$ cat data_39.txt   # compact mmCIF, C-alpha atoms and all ligand atoms
# COMPACT_ATOMS: atom_id res chain seq x y z
CA LEU A 1 10.44 -55.22 -18.35
CA LEU A 2 9.38 -53.61 -21.63
CA LEU A 3 6.14 -52.40 -20.06
CA SER A 4 7.85 -50.95 -17.06
CA GLY A 5 10.36 -49.29 -19.42
CA ILE A 6 7.52 -47.61 -21.31
CA ALA A 7 5.90 -46.59 -18.04
CA GLY A 8 9.23 -45.15 -16.94
CA ILE A 9 9.59 -43.12 -20.15
CA ALA A 10 6.01 -41.87 -19.84
CA LEU A 11 6.73 -40.84 -16.28
CA LEU A 12 9.89 -39.04 -17.36
CA LEU A 13 8.05 -37.27 -20.19
CA GLY A 14 5.34 -36.24 -17.77
CA ALA A 15 7.91 -34.89 -15.38
CA SER A 16 9.74 -32.93 -18.07
CA ALA A 17 6.46 -31.51 -19.40
CA ARG A 18 5.68 -30.35 -15.88
CA ALA A 19 9.16 -28.85 -15.54
CA ALA A 20 8.68 -26.98 -18.83
CA GLU A 21 5.32 -25.70 -17.63
CA ASP A 22 6.97 -24.61 -14.38
CA ASP A 23 9.60 -22.71 -16.39
CA ASP A 24 6.96 -21.00 -18.51
CA LEU A 25 5.00 -19.89 -15.46
CA GLN A 26 8.09 -18.46 -13.81
CA LYS A 27 9.09 -16.65 -17.02
CA ALA A 28 5.62 -15.19 -17.52
CA ALA A 29 5.54 -14.04 -13.88
CA ALA A 30 8.98 -12.44 -14.15
CA GLN A 31 7.63 -10.40 -17.10
CA ALA A 32 4.44 -9.25 -15.43
CA PHE A 33 5.85 -8.49 -11.96
CA LYS A 34 9.05 -7.15 -10.47
CA PRO A 35 10.67 -7.93 -7.12
CA ILE A 36 10.95 -5.26 -4.43
CA PRO A 37 14.59 -4.11 -4.41
CA ALA A 38 16.69 -4.72 -1.32
CA MET A 39 18.03 -1.14 -1.44
CA VAL A 40 16.11 2.05 -0.72
CA PRO A 41 15.02 3.50 -4.08
CA SER A 42 15.78 7.05 -5.14
CA VAL A 43 13.00 9.61 -5.16
CA GLN A 44 12.61 12.10 -7.98
CA GLY A 45 13.43 15.65 -6.94
CA ASN A 46 14.21 14.65 -3.36
CA PRO A 47 17.58 12.97 -2.78
CA VAL A 48 17.17 10.49 0.08
CA THR A 49 19.81 11.25 2.73
CA ARG A 50 20.42 9.83 6.21
CA GLU A 51 19.55 13.22 7.77
CA LYS A 52 16.21 13.43 5.94
CA ILE A 53 15.33 9.84 6.78
CA ASP A 54 15.98 10.39 10.50
CA LEU A 55 14.01 13.63 10.56
CA GLY A 56 11.17 12.06 8.56
CA ARG A 57 10.99 9.17 11.01
CA MET A 58 10.67 11.61 13.91
CA LEU A 59 7.89 13.50 12.14
CA PHE A 60 6.10 10.25 11.25
CA PHE A 61 5.90 9.36 14.94
CA ASP A 62 5.35 12.87 16.37
CA PRO A 63 1.71 13.41 17.46
CA ARG A 64 2.35 17.08 18.11
CA ILE A 65 1.84 17.82 14.43
CA SER A 66 -1.87 17.03 14.94
CA ALA A 67 -4.34 19.49 16.48
CA SER A 68 -5.18 17.11 19.33
CA GLY A 69 -1.56 16.23 20.04
CA ILE A 70 -2.34 12.52 20.00
CA LEU A 71 -2.50 11.47 16.35
CA SER A 72 0.64 10.74 14.40
CA CYS A 73 1.03 9.22 10.95
CA ASN A 74 1.75 5.98 12.78
CA SER A 75 -1.72 6.06 14.42
CA CYS A 76 -3.30 5.11 11.11
CA HIS A 77 -0.22 3.63 9.40
CA ASN A 78 1.03 1.44 12.22
CA LEU A 79 4.46 0.14 11.23
CA ALA A 80 4.17 -2.67 13.76
CA MET A 81 1.09 -3.99 11.91
CA GLY A 82 1.75 -3.81 8.19
CA GLY A 83 1.56 -0.03 7.79
CA GLY A 84 -2.22 0.33 8.02
CA ASP A 85 -4.64 0.59 10.94
CA ASN A 86 -6.63 -2.63 10.51
CA VAL A 87 -10.00 -1.00 11.09
CA GLU A 88 -12.76 -0.51 8.51
CA THR A 89 -12.27 3.21 8.04
CA SER A 90 -9.80 5.33 10.00
CA ILE A 91 -10.66 7.10 13.24
CA GLY A 92 -9.25 10.61 13.16
CA HIS A 93 -9.54 13.93 14.97
CA GLY A 94 -12.25 13.99 17.66
CA TRP A 95 -12.95 10.28 17.04
CA GLN A 96 -14.42 11.12 13.63
CA ARG A 97 -14.70 8.22 11.28
CA GLY A 98 -13.17 8.90 7.88
CA GLY A 99 -14.75 7.63 4.70
CA ARG A 100 -12.06 5.22 3.59
CA ASN A 101 -9.81 2.42 4.75
CA SER A 102 -6.20 3.39 5.44
CA PRO A 103 -3.88 1.89 2.79
CA THR A 104 -0.49 0.62 3.91
CA VAL A 105 2.45 2.99 3.62
CA LEU A 106 4.76 0.02 2.99
CA ASN A 107 6.14 0.10 -0.56
CA SER A 108 3.98 3.15 -1.31
CA VAL A 109 7.05 4.79 -2.85
CA PHE A 110 6.56 2.44 -5.81
CA ASN A 111 2.95 3.46 -6.47
CA ALA A 112 2.37 5.65 -9.50
CA ALA A 113 -0.92 6.77 -7.99
CA GLN A 114 -1.48 7.70 -4.34
CA PHE A 115 -4.80 7.31 -2.51
CA TRP A 116 -7.81 5.25 -3.46
CA ASP A 117 -8.68 7.90 -6.01
CA GLY A 118 -5.15 9.03 -7.00
CA ARG A 119 -5.62 12.62 -5.92
CA ALA A 120 -1.97 13.04 -4.90
CA ALA A 121 0.80 12.64 -7.44
CA ASP A 122 3.54 11.57 -5.04
CA LEU A 123 4.32 10.98 -1.39
CA ARG A 124 5.50 14.55 -1.00
CA SER A 125 2.20 16.12 -1.98
CA GLN A 126 0.43 13.33 -0.11
CA ALA A 127 2.04 13.99 3.29
CA THR A 128 0.64 17.48 3.72
CA GLY A 129 -2.92 16.21 3.19
CA PRO A 130 -3.59 14.20 6.35
CA ILE A 131 -2.01 16.80 8.62
CA GLN A 132 -4.61 19.31 7.48
CA ALA A 133 -7.58 17.03 6.83
CA SER A 134 -10.28 17.79 9.35
CA VAL A 135 -11.11 14.10 9.80
CA GLU A 136 -7.47 13.12 10.17
CA MET A 137 -5.01 15.34 12.08
CA ALA A 138 -6.93 18.62 11.71
CA ALA A 139 -3.88 20.88 12.04
CA THR A 140 -2.88 23.95 10.03
CA PRO A 141 0.57 24.47 8.50
CA ALA A 142 0.93 27.46 10.86
CA HIS A 143 0.28 25.25 13.91
CA VAL A 144 2.76 22.65 12.72
CA MET A 145 5.42 25.26 11.99
CA SER A 146 5.03 26.91 15.37
CA VAL A 147 5.25 23.53 17.14
CA LEU A 148 8.42 22.54 15.28
CA GLY A 149 9.89 26.05 15.46
CA SER A 150 9.56 26.07 19.25
CA ILE A 151 11.80 23.02 19.59
CA PRO A 152 15.52 23.73 19.05
CA GLU A 153 16.39 20.17 18.08
CA TYR A 154 13.88 20.27 15.21
CA GLN A 155 15.25 23.62 14.00
CA GLN A 156 18.71 22.18 13.97
CA ARG A 157 17.66 18.92 12.28
CA PHE A 158 15.82 20.74 9.48
CA ALA A 159 18.95 22.85 8.95
CA THR A 160 21.18 19.74 8.68
CA ALA A 161 18.73 17.82 6.49
CA PHE A 162 18.31 20.77 4.08
CA PRO A 163 21.75 22.37 4.08
CA GLY A 164 22.29 25.74 2.46
CA GLU A 165 18.60 26.68 2.46
CA GLN A 166 17.53 30.12 3.68
CA ALA A 167 14.52 28.84 5.63
CA PRO A 168 14.99 25.10 6.08
CA LEU A 169 12.13 24.75 8.56
CA SER A 170 9.17 24.71 6.17
CA PHE A 171 6.03 22.69 5.49
CA ASP A 172 7.50 21.65 2.14
CA ASN A 173 10.62 20.31 3.76
CA LEU A 174 8.56 18.46 6.35
CA ALA A 175 6.84 16.69 3.45
CA LYS A 176 10.20 15.93 1.81
CA ALA A 177 11.62 14.47 5.02
CA ILE A 178 8.55 12.26 5.50
CA GLU A 179 8.78 11.16 1.87
CA ALA A 180 12.45 10.22 2.34
CA PHE A 181 11.55 8.16 5.42
CA GLU A 182 8.69 6.49 3.56
CA ALA A 183 11.10 5.48 0.80
CA THR A 184 12.81 3.26 3.39
CA LEU A 185 9.55 1.46 4.21
CA ILE A 186 9.99 -1.33 1.69
CA THR A 187 9.53 -5.07 2.15
CA PRO A 188 11.95 -7.11 0.02
CA HIS A 189 12.56 -10.87 -0.01
CA SER A 190 8.98 -12.11 0.03
CA ARG A 191 8.68 -15.73 -1.02
CA PHE A 192 7.15 -14.55 -4.29
CA ASP A 193 10.14 -12.28 -4.94
CA GLN A 194 12.53 -15.15 -4.36
CA TYR A 195 10.48 -17.09 -6.90
CA LEU A 196 10.69 -14.20 -9.40
CA GLU A 197 14.43 -14.19 -8.89
CA GLY A 198 14.61 -17.82 -9.94
CA ASN A 199 13.98 -19.99 -6.88
CA LYS A 200 11.19 -22.08 -8.40
CA ALA A 201 11.06 -24.52 -5.51
CA ILE A 202 10.11 -21.89 -2.95
CA LEU A 203 6.39 -21.86 -3.84
CA THR A 204 4.14 -24.84 -3.12
CA ALA A 205 2.10 -26.49 -5.88
CA GLN A 206 -1.03 -24.74 -4.57
CA GLU A 207 0.67 -21.31 -4.55
CA LYS A 208 1.89 -21.86 -8.12
CA GLN A 209 -1.60 -22.90 -9.13
CA GLY A 210 -2.85 -19.64 -7.55
CA LEU A 211 -0.27 -17.60 -9.44
CA LYS A 212 -1.28 -19.32 -12.68
CA LEU A 213 -4.96 -18.54 -12.04
CA PHE A 214 -4.08 -14.95 -11.09
CA MET A 215 -2.45 -14.57 -14.49
CA GLU A 216 -4.81 -16.66 -16.62
CA THR A 217 -8.16 -15.41 -15.28
CA GLY A 218 -7.03 -11.79 -15.72
CA CYS A 219 -6.29 -10.38 -12.24
CA VAL A 220 -2.88 -9.46 -13.62
CA ALA A 221 -4.44 -7.01 -16.08
CA CYS A 222 -4.99 -4.59 -13.20
CA HIS A 223 -2.70 -5.91 -10.47
CA ASN A 224 0.73 -5.98 -12.11
CA GLY A 225 4.17 -4.42 -11.84
CA ILE A 226 6.29 -4.15 -8.73
CA ASN A 227 3.38 -3.66 -6.28
CA LEU A 228 0.82 -5.83 -8.09
CA GLY A 229 -1.33 -2.73 -8.39
CA GLY A 230 -0.99 0.92 -7.46
CA GLN A 231 -0.37 1.96 -11.05
CA ASP A 232 -3.78 2.71 -12.51
CA TYR A 233 -7.53 3.12 -11.92
CA PHE A 234 -10.44 0.93 -12.84
CA PRO A 235 -14.14 0.88 -12.15
CA PHE A 236 -14.95 -1.14 -9.02
CA GLY A 237 -17.46 -3.41 -10.69
CA VAL A 238 -16.26 -3.56 -14.30
CA VAL A 239 -18.63 -6.45 -14.90
CA GLU A 240 -20.94 -6.36 -11.90
CA LYS A 241 -21.13 -3.73 -9.17
CA PRO A 242 -20.70 -5.19 -5.68
CA GLY A 243 -23.57 -4.60 -3.24
CA ALA A 244 -24.09 -1.23 -1.53
CA ASP A 245 -22.63 -2.64 1.71
CA ILE A 246 -19.22 -2.92 -0.01
CA LEU A 247 -19.60 -0.10 -2.55
CA PRO A 248 -21.94 2.52 -1.07
CA PRO A 249 -23.21 5.08 -3.59
CA GLY A 250 -21.89 8.07 -1.60
CA ASP A 251 -18.20 7.63 -2.50
CA ARG A 252 -17.87 7.99 -6.25
CA GLY A 253 -14.09 7.53 -6.21
CA ARG A 254 -12.03 9.17 -8.91
CA PHE A 255 -15.08 11.07 -10.15
CA GLN A 256 -14.58 13.35 -7.15
CA VAL A 257 -11.15 14.28 -8.54
CA THR A 258 -11.83 14.54 -12.28
CA ARG A 259 -15.62 15.24 -12.43
CA THR A 260 -15.72 13.03 -15.51
CA ALA A 261 -18.70 10.69 -15.83
CA SER A 262 -16.55 7.74 -16.89
CA ASP A 263 -14.64 8.05 -13.59
CA GLU A 264 -17.66 7.27 -11.44
CA TYR A 265 -16.85 4.49 -8.96
CA VAL A 266 -13.36 4.26 -10.39
CA PHE A 267 -10.72 3.37 -7.79
CA ARG A 268 -7.07 2.53 -7.82
CA ALA A 269 -6.26 -1.14 -8.31
CA VAL A 270 -4.89 -1.59 -4.79
CA PRO A 271 -1.32 -2.77 -4.46
CA LEU A 272 -1.42 -6.35 -3.20
CA ARG A 273 1.99 -6.48 -1.52
CA ASN A 274 1.61 -7.61 2.15
CA VAL A 275 -2.13 -7.98 1.58
CA ALA A 276 -2.23 -10.78 4.19
CA LEU A 277 -1.37 -8.13 6.82
CA THR A 278 -3.73 -5.38 5.75
CA ALA A 279 -7.28 -6.59 6.42
CA PRO A 280 -9.98 -5.35 6.23
CA TYR A 281 -10.23 -4.97 2.46
CA PHE A 282 -11.53 -2.53 -0.17
CA HIS A 283 -11.81 1.24 0.22
CA THR A 284 -14.71 0.71 2.58
CA GLY A 285 -12.89 -1.92 4.64
CA LYS A 286 -16.08 -3.99 4.71
CA VAL A 287 -14.48 -7.34 3.90
CA TRP A 288 -12.32 -8.97 6.56
CA ASP A 289 -11.64 -12.27 4.85
CA LEU A 290 -9.07 -12.33 2.03
CA GLU A 291 -10.75 -15.32 0.38
CA GLN A 292 -14.01 -13.38 0.25
CA ALA A 293 -12.20 -10.37 -1.26
CA VAL A 294 -10.80 -12.66 -3.97
CA SER A 295 -14.24 -14.11 -4.81
CA ILE A 296 -15.73 -10.63 -4.98
CA MET A 297 -13.00 -9.53 -7.41
CA GLY A 298 -13.71 -12.57 -9.59
CA VAL A 299 -17.37 -11.63 -9.92
CA SER A 300 -17.11 -7.82 -9.96
CA GLN A 301 -14.03 -7.39 -12.17
CA LEU A 302 -14.00 -10.52 -14.31
CA GLY A 303 -17.58 -11.81 -14.30
CA LYS A 304 -16.29 -15.17 -13.09
CA GLU A 305 -17.52 -17.31 -10.22
CA LEU A 306 -14.25 -18.76 -8.94
CA ASN A 307 -14.79 -22.12 -7.24
CA LYS A 308 -13.65 -22.89 -3.72
CA GLU A 309 -10.43 -24.52 -4.80
CA GLU A 310 -9.52 -21.64 -7.13
CA VAL A 311 -10.20 -19.05 -4.45
CA ALA A 312 -8.06 -21.00 -1.97
CA ALA A 313 -5.19 -21.26 -4.47
CA ILE A 314 -5.26 -17.56 -5.40
CA THR A 315 -5.40 -16.61 -1.73
CA ALA A 316 -2.47 -18.92 -0.96
CA PHE A 317 -0.55 -17.14 -3.73
CA LEU A 318 -1.45 -13.70 -2.32
CA ARG A 319 -0.04 -14.75 1.06
CA THR A 320 3.38 -15.27 -0.56
CA LEU A 321 3.50 -11.49 -1.14
CA THR A 322 4.33 -10.76 2.49
CA GLY A 323 7.88 -9.40 2.55
CA GLU A 324 10.49 -8.75 5.18
CA GLN A 325 9.02 -5.95 7.31
CA PRO A 326 11.20 -2.86 7.82
CA ARG A 327 12.85 -2.74 11.24
CA VAL A 328 12.02 0.74 12.37
CA GLU A 329 13.63 2.10 15.49
CA LEU A 330 11.23 4.16 17.58
CA PRO A 331 12.68 7.68 17.56
CA VAL A 332 13.30 9.58 20.77
CA LEU A 333 11.48 12.87 20.24
CA PRO A 334 12.78 16.14 21.70
CA ALA A 335 10.70 17.59 24.55
CA SER A 336 8.36 20.52 24.04
CA THR A 337 9.49 23.90 25.35
CA ALA A 338 7.74 26.78 27.13
CA THR A 339 6.79 28.27 23.74
CA THR A 340 5.40 25.08 22.17
CA PRO A 341 1.68 25.60 21.46
CA HIS A 342 -0.52 23.37 23.57
CA PRO A 343 -2.79 20.82 21.92
CA GLU A 344 -6.42 21.74 21.39
CA PRO A 345 -8.18 21.31 24.74
C1 LIG B 1 -3.55 7.47 2.73
C2 LIG B 1 0.75 8.68 4.62
C3 LIG B 1 -1.59 10.35 8.51
C4 LIG B 1 -5.44 7.74 7.18
C5 LIG B 1 -2.20 7.64 2.90
C6 LIG B 1 -1.19 7.37 1.90
C7 LIG B 1 0.02 7.67 2.44
C8 LIG B 1 -0.22 8.17 3.77
C9 LIG B 1 1.39 7.53 1.79
C10 LIG B 1 -1.44 6.84 0.50
C11 LIG B 1 -1.13 5.39 0.44
C12 LIG B 1 -1.62 4.80 -0.83
O1 LIG B 1 -2.40 5.43 -1.55
O2 LIG B 1 -1.23 3.68 -1.14
C13 LIG B 1 0.45 9.39 5.77
C14 LIG B 1 1.37 10.25 6.48
C15 LIG B 1 0.69 10.75 7.56
C16 LIG B 1 -0.63 10.16 7.54
C17 LIG B 1 2.81 10.53 6.08
C18 LIG B 1 1.17 11.77 8.58
C19 LIG B 1 1.60 12.98 8.14
C20 LIG B 1 -2.79 9.68 8.56
C21 LIG B 1 -3.69 9.68 9.68
C22 LIG B 1 -4.80 8.94 9.30
C23 LIG B 1 -4.56 8.49 7.94
C24 LIG B 1 -3.44 10.34 11.03
C25 LIG B 1 -6.04 8.58 10.09
C26 LIG B 1 -6.67 9.49 10.89
C27 LIG B 1 -5.31 7.56 5.83
C28 LIG B 1 -6.41 7.17 4.95
C29 LIG B 1 -5.87 7.14 3.66
C30 LIG B 1 -4.46 7.47 3.79
C31 LIG B 1 -7.85 6.86 5.37
C32 LIG B 1 -6.64 6.84 2.37
C33 LIG B 1 -7.34 8.12 1.97
C34 LIG B 1 -7.96 8.07 0.60
O3 LIG B 1 -7.54 7.31 -0.26
O4 LIG B 1 -8.88 8.85 0.36
N1 LIG B 1 -1.57 8.13 4.02
N2 LIG B 1 -0.76 9.37 6.42
N3 LIG B 1 -3.33 8.93 7.53
N4 LIG B 1 -4.17 7.74 5.10
FE1 LIG B 1 -2.45 8.50 5.78
C1 LIG B 2 -9.03 -4.53 -5.00
C2 LIG B 2 -7.53 -9.11 -5.77
C3 LIG B 2 -8.93 -8.65 -10.41
C4 LIG B 2 -9.18 -3.84 -9.81
C5 LIG B 2 -8.57 -5.82 -4.78
C6 LIG B 2 -8.33 -6.43 -3.49
C7 LIG B 2 -7.92 -7.72 -3.71
C8 LIG B 2 -7.89 -7.91 -5.13
C9 LIG B 2 -7.52 -8.76 -2.66
C10 LIG B 2 -8.51 -5.74 -2.14
C11 LIG B 2 -7.16 -5.38 -1.56
C12 LIG B 2 -7.20 -4.41 -0.43
O1 LIG B 2 -8.23 -3.81 -0.13
O2 LIG B 2 -6.14 -4.21 0.19
C13 LIG B 2 -7.87 -9.40 -7.08
C14 LIG B 2 -7.87 -10.73 -7.66
C15 LIG B 2 -8.32 -10.60 -8.95
C16 LIG B 2 -8.52 -9.18 -9.19
C17 LIG B 2 -7.48 -12.00 -6.93
C18 LIG B 2 -8.63 -11.69 -9.94
C19 LIG B 2 -9.50 -12.69 -9.56
C20 LIG B 2 -9.01 -7.30 -10.68
C21 LIG B 2 -9.22 -6.72 -11.98
C22 LIG B 2 -9.30 -5.36 -11.81
C23 LIG B 2 -9.14 -5.09 -10.41
C24 LIG B 2 -9.34 -7.52 -13.29
C25 LIG B 2 -9.53 -4.27 -12.85
C26 LIG B 2 -10.42 -4.43 -13.88
C27 LIG B 2 -9.28 -3.62 -8.45
C28 LIG B 2 -9.70 -2.37 -7.86
C29 LIG B 2 -9.67 -2.57 -6.46
C30 LIG B 2 -9.21 -3.94 -6.24
C31 LIG B 2 -10.10 -1.09 -8.59
C32 LIG B 2 -10.07 -1.55 -5.41
C33 LIG B 2 -11.56 -1.64 -5.14
C34 LIG B 2 -11.98 -0.67 -4.05
O3 LIG B 2 -11.88 -1.01 -2.88
O4 LIG B 2 -12.41 0.43 -4.38
N1 LIG B 2 -8.28 -6.73 -5.76
N2 LIG B 2 -8.25 -8.49 -8.04
N3 LIG B 2 -8.94 -6.27 -9.74
N4 LIG B 2 -8.98 -4.55 -7.46
FE1 LIG B 2 -8.60 -6.51 -7.75
$ encode --input "data_39.txt" --output "structure tokens"
Amino acid sequence: LLLSGIAGIALLLGASARAAEDDDLQKAAAQAFKPIPAMVPSVQGNPVTREKIDLGRMLFFDPRISASGILSCNSCHNLAMGGGDNVETSIGHGWQRGGRNSPTVLNSVFNAAQFWDGRAADLRSQATGPIQASVEMAATPAHVMSVLGSIPEYQQRFATAFPGEQAPLSFDNLAKAIEAFEATLITPHSRFDQYLEGNKAILTAQEKQGLKLFMETGCVACHNGINLGGQDYFPFGVVEKPGADILPPGDRGRFQVTRTASDEYVFRAVPLRNVALTAPYFHTGKVWDLEQAVSIMGVSQLGKELNKEEVAAITAFLRTLTGEQPRVELPVLPASTATTPHPEP
């Protein structure tokens, strides 16, 4: 009886030590990360209104703002598939292959830095880029304005979305409307977010082990905050550069923006929200398997060979970052008119 009493106390002590450890992990996680809010966030300098959101959604799906008339934002940021295109590097105008993998637009409103190299400050300045990029939509602002200007419903919608403005139909306002729509593309209520909000039982032991490793081995140093990344830039290969198949010498990352030697091969720490939906990985899209991406990070960023069990646990944790996907209604776009410019033949 005495023995079994001691065993019982030991068992209880063990259990309470584990519970305390569980508490500590949850507290540390709640400090390093933040849940995605359930409500659409506000955007600086661009009040998010129903009218802007609706117009932005139309523009996001309208291929007529591309030179070919077939590429829309949704071509490369497919909202039915996690907001990316799930190919190595995007196929744009004239079937040209771009140099980089398409990042998801989901939760991009929370990123402090846009693009793999941070060359756009916010979603507003971002949106005008792909429309004009020769390897993406290859259109000019003049083409876009004459397309939209030839369609009465667009004229009227720009006027309602930007009331009181002299010339509401403008390239700037197009960018603002798209930005407002993108602010609605958020994915709350992931299992990890429910954990952050206090539901400690929602993660499995393996997922918690993965979270612990993510924090203790140092992933969290670069992948933190609300999007577990998307806030800052780091060399890809802090400790050891990955092979040229994954990091080819031609794309020097942030160096191309700042022309500063220390920015060579510096890229944005990618946001890891919904990462289970956004294969293939890295700016080159060369890695299809999330476990392999995790092992590469261990070696290249931390100089650590993670073992099989550690990789599996971290990957299991990363899969808990998949949130509730936005339910986007496909807009009905107004028909072209006799004066709408035709797409490039
Ligand atoms: C990057 C939105 C059209 C391919 C981005 C980002 C956003 C975005 C918000 C930055 C995401 C981040 O850094 O986390 C849009 C919008 C579009 C559009 C609103 C329509 C106006 C396209 C098209 C393609 C494309 C048509 C493919 C042909 C890419 C690629 C990047 C990117 C490859 C990464 C570029 C880099 O980092 O250098 N887009 N996109 N996008 N988008 Fe788009
Ligand atoms: C990319 C996870 C540590 C900086 C990625 C990706 C994953 C990941 C899965 C690819 C995501 C995608 O392409 O969508 C991890 C894990 C880590 C870790 C599990 C710990 C073992 C770090 C650290 C840093 C860092 C410590 C900074 C020193 C980056 C950068 C990229 C990236 C810059 C983008 C690389 C590129 O494609 O150019 N990380 N990461 N990561 N991570 Fe990490």
$ atom_distance --input "data_39.txt" --atom1 "atom CA of A:Glu310" --atom2 "atom CA of A:Gly225"
22.5 Å
$ closest_atom_pairs --input "data_39.txt" --of "stretch 4-67 of chain A" --to "stretch 179-194 of chain A" --cutoff "8 Å" --atoms "only C-alpha atoms" --output "tab-separated table"
residue	atom	partner	partner_atom	distance
A:Lys34	CA	A:Asp193	CA	7.6
A:Pro35	CA	A:Asp193	CA	4.9
A:Ile36	CA	A:Pro188	CA	4.9
A:Pro37	CA	A:Pro188	CA	6.0
A:Ala38	CA	A:Pro188	CA	5.5
A:Val40	CA	A:Thr184	CA	5.4
A:Pro41	CA	A:Ala183	CA	6.6
A:Ser42	CA	A:Ala183	CA	7.7
A:Val43	CA	A:Ala183	CA	7.5
A:Asn46	CA	A:Ala180	CA	7.4
A:Pro47	CA	A:Ala180	CA	7.8
A:Val48	CA	A:Ala180	CA	5.2
A:Thr49	CA	A:Ala180	CA	7.4
A:Lys52	CA	A:Ala180	CA	6.1
A:Ile53	CA	A:Phe181	CA	4.4
A:Asp54	CA	A:Phe181	CA	7.1
A:Leu55	CA	A:Phe181	CA	7.9
A:Gly56	CA	A:Phe181	CA	5.0
A:Arg57	CA	A:Phe181	CA	5.7
$ closest_residue --input "data_39.txt" --among "A:Val287, A:Ala269, A:Val311, A:Leu333" --to "ligand LIG 2 (chain B)" --atoms "only C-alpha atoms and all ligand atoms"
A:Ala269
$ closest_residue --input "data_39.txt" --among "A:Cys76, A:Thr204, A:Val105, A:Trp116" --to "A:Gln256" --atoms "only C-alpha atoms"
A:Trp116
$ atom_distance --input "data_39.txt" --atom1 "atom CA of A:Ser68" --atom2 "atom CA of A:Gly94"
7.9 Å
$ atom_distance --input "data_39.txt" --atom1 "atom CA of A:Lys27" --atom2 "atom C20 of ligand LIG 2 (chain B)"
21.3 Å
$ residues_near_ligand --input "data_39.txt" --ligand "ligand LIG 2 (chain B)" --cutoff "6 Å" --atoms "only C-alpha atoms and all ligand atoms" --output "ChimeraX atom specification"
/A:214,218-219,221-222,233-236,238,267-270,275,281-283,293-294,297-298,301-302
$ closest_residue --input "data_39.txt" --among "A:Ala142, A:Ala32, A:Leu174, A:Leu71" --to "ligand LIG 1 (chain B)" --atoms "only C-alpha atoms and all ligand atoms"
A:Leu71
$ residues_near_ligand --input "data_39.txt" --ligand "ligand LIG 1 (chain B)" --cutoff "7 Å" --atoms "all atoms listed in the file" --output "ChimeraX atom specification"
/A:60,71-77,89-93,98-105,108,111,113-117,123,126-128,130-131,135-137,178,230
$ closest_residue --input "data_39.txt" --among "A:Thr140, A:Ala133, A:Glu291, A:Leu106" --to "A:Arg64" --atoms "only C-alpha atoms"
A:Thr140
$ closest_residue --input "data_39.txt" --among "A:Ala338, A:Ala138, A:Val328, A:Ile314" --to "A:Thr217" --atoms "only C-alpha atoms"
A:Ile314
$ closest_residue --input "data_39.txt" --among "A:Asn107, A:Gln209, A:Asn86, A:Ser295" --to "A:Asp22" --atoms "only C-alpha atoms"
A:Gln209
$ residues_around --input "data_39.txt" --residues "A:His342" --least-positions-apart "5" --cutoff "10 Å" --atoms "only C-alpha atoms" --output "MDAnalysis selection string"
chainID A and resid 64 67:69 143 147 336
$ residues_around --input "data_39.txt" --residues "A:Glu21" --least-positions-apart "6" --cutoff "12 Å" --atoms "all atoms listed in the file" --output "mmCIF file with C-alpha atoms, keeping the file's coordinate frame"
data_model
loop_
_atom_site.group_PDB
_atom_site.id
_atom_site.type_symbol
_atom_site.label_atom_id
_atom_site.label_comp_id
_atom_site.auth_asym_id
_atom_site.auth_seq_id
_atom_site.Cartn_x
_atom_site.Cartn_y
_atom_site.Cartn_z
ATOM 1 C CA GLY A 14 5.340 -36.240 -17.770
ATOM 2 C CA ALA A 15 7.910 -34.890 -15.380
ATOM 3 C CA LYS A 27 9.090 -16.650 -17.020
ATOM 4 C CA ALA A 28 5.620 -15.190 -17.520
ATOM 5 C CA LYS A 200 11.190 -22.080 -8.400
ATOM 6 C CA LYS A 208 1.890 -21.860 -8.120
ATOM 7 C CA GLN A 209 -1.600 -22.900 -9.130
ATOM 8 C CA LYS A 212 -1.280 -19.320 -12.680
#
$ axis_aligned_box --input "data_39.txt" --around "stretch 97-103 of chain A" --padding-each-side "5 Å" --output "lines of an AutoDock Vina configuration file"
center_x = -9.3
center_y = 5.4
center_z = 7.0
size_x = 20.9
size_y = 17.0
size_z = 18.5
$ residues_around --input "data_39.txt" --residues "A:Pro242" --least-positions-apart "2" --cutoff "10 Å" --atoms "all atoms listed in the file" --output "list of chain:residue names"
A:Phe236, A:Gly237, A:Val238, A:Val239, A:Glu240, A:Ala244, A:Asp245, A:Ile246, A:Leu247, A:Pro248, A:Ile296, A:Met297, A:Val299, A:Ser300, A:Gln301
$ residues_around --input "data_39.txt" --residues "A:Leu318" --least-positions-apart "6" --cutoff "9 Å" --atoms "all atoms listed in the file" --output "list in words"
Phe192, Glu207, Gly210, Leu211, Leu272, Arg273, Asn274, Val275, Ala276 and Leu290 of chain A
